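Input: a single structure, listed below in structure tokens.
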Amino acid sequence: MKTNKERLIKSIRNIPDFPIPGIQFKDVTTLLKDAACMQILSEMMYEKYKNKGITKVVGIESRGFIMGPVLATRLNAGFIPIRKPGKLPANVIEECYTKEYGTDCIQIHKDAIDKNDIVLLHDDLLATGGTMKAACSLVKKLNPKKIYVNFIIELEELNGKSIFDKDIEVESILTL
Ligand code: AMP
């Protein structure tokens, strides 16, 4: 009999050479369209964080906006979006980071988090970790009590976990 993790891994579609040659793109839409897989994933995420006192789940645009709110609802936490520049309407703070080609910036509303919050940052996939590390720096500027980081998938060979500060607990549901 297949374990739940095996079932989820099998449901993820690999697209070679997308969006550019050499990238093995992990497509989670094939997991998300399967009702049983959605239940399993949401349960596994909830089990990991149900006793951590999470008050805010922060999702990174755009694939962090899918399971982020699902998890926030189950944890009885609020949901906060981190977005690309020019999308959030009120006062924001920004963090920029270097990517393979050029620079990217992300923003969060200044009043999204306060010193009483225990924050869980979520995105679908950990590759080099650059995006999530910038998101952690952004959230740290708002002085929450603690930051947790969660991904659905971690690409083990890229060793993205190693770039995070030791005080941040980084976990993924599936390792590929
Ligand atoms: P990184 O900053 O290198 O960890 O890249 C993470 C971001 O890029 C996430 O938002 C992912 O959704 C996306 N990403 C990077 N590599 C892949 C991949 N091989 N398959 C699917 N998404 C990816």
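Just remember, in the structure tokens the first chain shown is A, the second B, etc., residues are 1-based per chain, and ligands are 1-based in the order shown.
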Original post:
Got a sec: who's within 6 Å of stretch 136-153 of chain A, counting only C-alpha atoms, leaving out chain neighbours fewer than 3 positions off, as a PyMOL selection string?
Top reply: chain A and resi 95+114-125+133+168-175
Subject >> Contacts to ligand 1 at 6 Å cut-off (only C-alpha atoms and all ligand atoms) as a list in words >> reply: Ile23, Gln24, Phe25, Lys26, Asp124, Leu125, Leu126, Ala127, Thr128, Gly129, Gly130 and Thr131 of chain A
**OP:** Rounded to one decimal place, report the atom CA of A:Glu47-atom CA of A:Thr30 distance in Å.
**Re:** 22.7 Å
**OP:** Tell me which of A:Lys52, A:Arg13, A:Lys33, A:Lys99 sits closest to A:Ile66, counting only C-alpha atoms.
**Re:**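 Ranked by minimum distance to A:Ile66, first place goes to A:Lys33.
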Subject >> Shell around A:Pro89 at 9 Å using only C-alpha atoms, local window under 3 positions removed, as number ranges by chain >> reply: A: 86, 92, 109
Would you output that residue set with N, CA and C atoms, as a compact mmCIF listing (two decimals), in the first residue's frame?
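The resulting again_32.txt:
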# COMPACT_ATOMS: atom_id res chain seq x y z
N GLY A 86 3.95 47.16 -6.48
CA GLY A 86 2.85 47.86 -7.16
C GLY A 86 1.50 47.18 -7.01
N VAL A 92 3.60 50.04 2.35
CA VAL A 92 4.34 48.76 2.30
C VAL A 92 5.79 48.94 2.74
N HIS A 109 2.39 44.64 3.43
CA HIS A 109 1.80 45.80 4.11
C HIS A 109 2.48 46.00 5.47
Subject >> DSSP helix (DSSP H, G or I) residues within stretch 85-155 of chain A, as number ranges by chain >> reply: A: 130-140
**OP:** Would you list the contacts of A:Glu94 as a PyMOL selection string, taking every protein, DNA or RNA residue within 8 Å and counting only C-alpha atoms, but skipping same-chain residues closer than 6 positions in sequence?
**Re:** chain A and resi 105-108+138
Restricting it to C-alpha atoms, dump the selection as a PDB file, in the first residue's frame.
ATOM      1  CA  CYS A 105      11.607  42.822  -5.118  1.00  0.00           C
ATOM      2  CA  ILE A 106       8.732  41.774  -2.832  1.00  0.00           C
ATOM      3  CA  GLN A 107       6.462  43.817  -0.591  1.00  0.00           C
ATOM      4  CA  ILE A 108       4.233  43.405   2.462  1.00  0.00           C
ATOM      5  CA  LEU A 138      10.827  41.389   5.169  1.00  0.00           C
TER       6      LEU A 138
END
Subject >> Nearest-residue call for A:Asp27, choices A:Lys110, A:Lys10, A:Lys50, A:Lys56, using only C-alpha atoms >> reply: A:Lys10
Subject >> Nearest-residue call for A:Thr55, choices A:Leu8, A:Val70, A:Ala77, A:Thr98, using only C-alpha atoms >> reply: A:Ala77
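With only C-alpha atoms taken into account, the protein and nucleic acid residues at most 12 Å from A:Arg7 (excluding it and anything under 4 positions from it in its own chain) are Met1, Lys2, Thr3, Ser11, Ile12, Thr30, Leu31, Asp34, Ala36, Cys37, Met38, Gln39, Ile40, Leu41 and Leu174 of chain A.
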